[in-house]
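Take a look at the structure set out below.
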Amino acid sequence: MTSSRTAFAAILGKDLRAELRTLQSLPAMALFAITAFIIFRFGLDRTSLSGSLAAGVLWATLLFAAVLGINRLFVSEREEGGFDAIRLAPIDRSVLFGAKVAALLVYLIALELVTVPIFAIFFLGDAGGLFPLIAVLLLADFGLAATGTLISSMAVNSRARDLLVPLVLLPLSVPLMIAATGATDPLLAVGGPSYDRFGTWLMVLGLYDLIFGLVGYAVFDFLLED
Amino acid sequence: MPPAQKKAVPAIRVAGLRRDYGDRPALDGVGFELAAGASLVVLGSNGAGKTTLLRILATLLRPSGGEVAVLGCSLPDEAWKLRGRIGYLGHEPLLYRDLSGRENLRFQARLHGLGPEVAEARIEEILRAVGMQRRADERVAELSAGMRQRLSICRCVLHRPELLLLDEPDSNLDVEGRELARELIGPGAGTRVVVTHDPERFLPEADQVLRLGIGETAVLS
């Protein structure tokens, strides 16, 4: 058996190299998010947001932008035979799940590096809440990456892939979004960040990550069977 | 197991193999044995189940019934023991279009646990064998179908598999490509199962021939 670390690095490296070369997912995700911020800015007719409204705008935008990347996560494996190549190799198949979660995590972090500062410029008078927001973003990104990878692997064999991913993913991500907006709300409050129940929401995010990370790891092998 | 007995174990043993797609049987009652080092050529019309048989032997499909043992491993229960021991050349090249040929082979080499130096030497060797060393740094999407097939042959033999499962190995290859490919996947390459629509080309290389027909019993000769 090839070591899982070697296989993980090989699959992750392959995915990132292909994305850097083709830019099929990241630019679309970023463009979507920026366009959504512009629509919110004019739709809400507000130049400044705070509290739950700011948290809602941020997370709704990031979630829908993530769906674009999640839809394409396994397309190359499906259309170019990657699933077969990986199934023929002497590796633990769960490594593919881990590598895809990591790739999606990288996409989400790159997306947020671009879009969160733009969100702050568009809507936040005080950027003091952005630093503690990093912890919320990372925990929510992992949960979204784990759930998204699981759903994407199930949907990729369907012709209705583009429809199936949001239909299944969005209900599953409701608890994640509740916790993420709950943690973000006090950070973006008027008058600067507060930490009311911040730790509790972070623990909820951590629990969500743990559950979907373990579920994905446990069932992924079966999803690759014919 | 004593050496004499070990030698007698066939590379492939199939008995009463059945595979259904929904209600439709693609294979029914297929049986044969193939000795180590021998070549089996599988013939049959479209839809006779040739590719299905090959994918079952490659552990990519689960049989619906019957017994299948490949390289001493019972399928599907011991499929994990077989991974990395089989070279599979299917209809699809199993190459990523946005990577170059060399990058694809390096990726495969890492999945199969080849160290970097061993992998580089092996990749150069097989690229040279199929005449692809000058085009190996181009993206697969930019290559012709024949060149992709040459790269796919490289991918198939990269890890020195004990068993080759070849589905129409000559497809898209020109005369030169066919001759070059023989070195890697020809009769001297070890135990082979070759699915083909071109019996004239492959029958002279066959130790055994399996004829599959739609709704007919498989005939081994």
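So you can find residues: chains in the structure tokens are A, B, ... in the order shown, residues in each start at 1, and ligands are numbered from 1 in order.
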What lies within 9 Å of Arg13 in chain B using only C-alpha atoms, ignoring chain neighbours under 3 positions off, as a list in words? Val9, Pro10, Gly31, Phe32, Glu33, Leu34, Ala35, Glu67, Val68, Ala69, Val70, Leu71 and Gly72 of chain B
Can you pull out every residue from chain A that DSSP, working from the backbone, puts in alpha helix (DSSP H), and format the result as an MDAnalysis selection string? chainID A and resid 4:22 26:44 51:72 75:79 82:88 94:123 130:155 161:172 174:187 198:223
Next item on the list: Please provide as a ChimeraX atom specification all residues within 8 Å of range 18-20 of chain A, with the sequence filter that same-chain residues fewer than 5 positions apart are discarded (counting only C-alpha atoms).
Entry: /A:25-26 /B:98-99
Using only C-alpha atoms, find each residue of range 119-218 of chain B with at least one atom at most 12 Å away from an atom of range 72-91 of chain A; report its shortest atom-to-atom pair and that distance in Å (one decimal), sort the rows by chain and rising residue number, and return the result as a Markdown table.
| residue | atom | partner | partner_atom | distance |
| --- | --- | --- | --- | --- |
| B:Val140 | CA | A:Glu80 | CA | 10.7 |
| B:Ala141 | CA | A:Glu80 | CA | 10.6 |
| B:Arg148 | CA | A:Glu80 | CA | 11.9 |
| B:Ser152 | CA | A:Ala85 | CA | 10.9 |
| B:Arg155 | CA | A:Ala85 | CA | 9.4 |
| B:Cys156 | CA | A:Ala85 | CA | 9.7 |
| B:Leu158 | CA | A:Ala89 | CA | 11.6 |
| B:His159 | CA | A:Ala89 | CA | 9.7 |
| B:Pro161 | CA | A:Ala89 | CA | 11.0 |
| B:Leu165 | CA | A:Leu88 | CA | 11.8 |
Could you take the residues named above and write them with N, CA and C atoms, as a PDB file, in the first residue's frame?
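Just written: selection-v7.pdb:
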ATOM      1  N   VAL B 140      -2.326  17.046 -22.023  1.00  0.00           N
ATOM      2  CA  VAL B 140      -2.999  15.915 -22.665  1.00  0.00           C
ATOM      3  C   VAL B 140      -4.114  16.408 -23.590  1.00  0.00           C
ATOM      4  N   ALA B 141      -4.789  17.502 -23.214  1.00  0.00           N
ATOM      5  CA  ALA B 141      -5.883  18.034 -24.032  1.00  0.00           C
ATOM      6  C   ALA B 141      -5.405  18.432 -25.421  1.00  0.00           C
ATOM      7  N   ARG B 148      -2.628  10.133 -26.981  1.00  0.00           N
ATOM      8  CA  ARG B 148      -3.225   9.856 -25.658  1.00  0.00           C
ATOM      9  C   ARG B 148      -3.209   8.358 -25.382  1.00  0.00           C
ATOM     10  N   SER B 152      -1.570   6.445 -22.388  1.00  0.00           N
ATOM     11  CA  SER B 152      -2.397   5.570 -21.567  1.00  0.00           C
ATOM     12  C   SER B 152      -1.722   4.206 -21.393  1.00  0.00           C
ATOM     13  N   ARG B 155       0.797   4.672 -18.774  1.00  0.00           N
ATOM     14  CA  ARG B 155       0.157   4.665 -17.447  1.00  0.00           C
ATOM     15  C   ARG B 155      -0.145   3.241 -17.000  1.00  0.00           C
ATOM     16  N   CYS B 156      -0.575   2.429 -17.969  1.00  0.00           N
ATOM     17  CA  CYS B 156      -0.978   1.048 -17.671  1.00  0.00           C
ATOM     18  C   CYS B 156       0.203   0.195 -17.177  1.00  0.00           C
ATOM     19  N   LEU B 158       3.263   1.463 -16.094  1.00  0.00           N
ATOM     20  CA  LEU B 158       4.196   2.250 -15.289  1.00  0.00           C
ATOM     21  C   LEU B 158       4.683   1.513 -14.039  1.00  0.00           C
ATOM     22  N   HIS B 159       3.784   0.858 -13.339  1.00  0.00           N
ATOM     23  CA  HIS B 159       4.110   0.242 -12.050  1.00  0.00           C
ATOM     24  C   HIS B 159       4.476  -1.236 -12.180  1.00  0.00           C
ATOM     25  N   PRO B 161       2.924  -4.001 -13.655  1.00  0.00           N
ATOM     26  CA  PRO B 161       1.865  -4.871 -13.118  1.00  0.00           C
ATOM     27  C   PRO B 161       2.094  -6.346 -13.474  1.00  0.00           C
ATOM     28  N   LEU B 165      -4.751  -5.974 -18.343  1.00  0.00           N
ATOM     29  CA  LEU B 165      -6.126  -6.083 -18.841  1.00  0.00           C
ATOM     30  C   LEU B 165      -6.293  -5.004 -19.899  1.00  0.00           C
TER      31      LEU B 165
END
- Task: Identify every residue of chain B that has at least one atom within 6 Å of any atom of chain A, counting only C-alpha atoms, and report the result as a PyMOL selection string.
- Result: chain B and resi 61+83-84+94+96+98+111-113
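Residues with any atom within 8 Å of Gly51 in chain A, counting only C-alpha atoms and excluding same-chain neighbours fewer than 6 positions away, are A:Thr184, A:Asp185, A:Pro186, A:Leu187, A:Leu188, A:Ala189, A:Val190.
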Among the residues of range 53-209 of chain B, find those DSSP assigns to strand (DSSP E) from the backbone and print them as an MDAnalysis selection string. chainID B and resid 65:70 73:75 86:89 163:167 191:195 208:209
With distances taken over only C-alpha atoms, the candidate from A:Leu214, A:Leu16, A:Val114, A:Ala36 nearest Phe97 in chain A is A:Leu214
**Prompt:** Near Gly29 in chain B, within 9 Å and counting only C-alpha atoms, which residues show up once chain neighbours fewer than 2 positions away are dropped, as a list in words?
**Reply:**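 These residues fall inside the cut-off: Ala15, Gly16, Leu17, Arg18, Leu27, Gly31, Gly65, Gly66, Thr217 and Ala218 of chain B.
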Restricting it to N, CA and C atoms, dump the selection as a PDB file, in the first residue's frame.
ATOM      1  N   ALA B  15     -15.653 -18.729 -12.620  1.00  0.00           N
ATOM      2  CA  ALA B  15     -16.644 -19.807 -12.725  1.00  0.00           C
ATOM      3  C   ALA B  15     -18.050 -19.256 -12.503  1.00  0.00           C
ATOM      4  N   GLY B  16     -18.927 -19.518 -13.469  1.00  0.00           N
ATOM      5  CA  GLY B  16     -20.336 -19.111 -13.337  1.00  0.00           C
ATOM      6  C   GLY B  16     -20.533 -17.624 -13.139  1.00  0.00           C
ATOM      7  N   LEU B  17     -19.660 -16.817 -13.748  1.00  0.00           N
ATOM      8  CA  LEU B  17     -19.709 -15.358 -13.520  1.00  0.00           C
ATOM      9  C   LEU B  17     -20.981 -14.749 -14.124  1.00  0.00           C
ATOM     10  N   ARG B  18     -21.636 -13.950 -13.309  1.00  0.00           N
ATOM     11  CA  ARG B  18     -22.827 -13.232 -13.772  1.00  0.00           C
ATOM     12  C   ARG B  18     -22.701 -11.763 -13.380  1.00  0.00           C
ATOM     13  N   LEU B  27     -23.429 -10.388 -18.401  1.00  0.00           N
ATOM     14  CA  LEU B  27     -22.642 -11.632 -18.447  1.00  0.00           C
ATOM     15  C   LEU B  27     -23.437 -12.683 -17.688  1.00  0.00           C
ATOM     16  N   GLY B  31     -17.107 -18.750 -17.650  1.00  0.00           N
ATOM     17  CA  GLY B  31     -16.089 -19.469 -16.876  1.00  0.00           C
ATOM     18  C   GLY B  31     -14.848 -19.723 -17.707  1.00  0.00           C
ATOM     19  N   GLY B  65     -22.804 -12.442  -9.464  1.00  0.00           N
ATOM     20  CA  GLY B  65     -22.810 -13.822  -8.995  1.00  0.00           C
ATOM     21  C   GLY B  65     -21.637 -14.582  -9.584  1.00  0.00           C
ATOM     22  N   GLY B  66     -21.395 -15.783  -9.069  1.00  0.00           N
ATOM     23  CA  GLY B  66     -20.294 -16.604  -9.561  1.00  0.00           C
ATOM     24  C   GLY B  66     -19.014 -16.364  -8.776  1.00  0.00           C
ATOM     25  N   THR B 217     -23.857 -18.870 -24.219  1.00  0.00           N
ATOM     26  CA  THR B 217     -22.849 -19.311 -23.271  1.00  0.00           C
ATOM     27  C   THR B 217     -21.466 -18.982 -23.835  1.00  0.00           C
ATOM     28  N   ALA B 218     -20.590 -18.508 -22.953  1.00  0.00           N
ATOM     29  CA  ALA B 218     -19.234 -18.187 -23.389  1.00  0.00           C
ATOM     30  C   ALA B 218     -18.521 -19.464 -23.817  1.00  0.00           C
TER      31      ALA B 218
END
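Taking CA of Ser50 in chain A and CA of Leu130 in chain A as the two end points, the separation is 12.4 Å.
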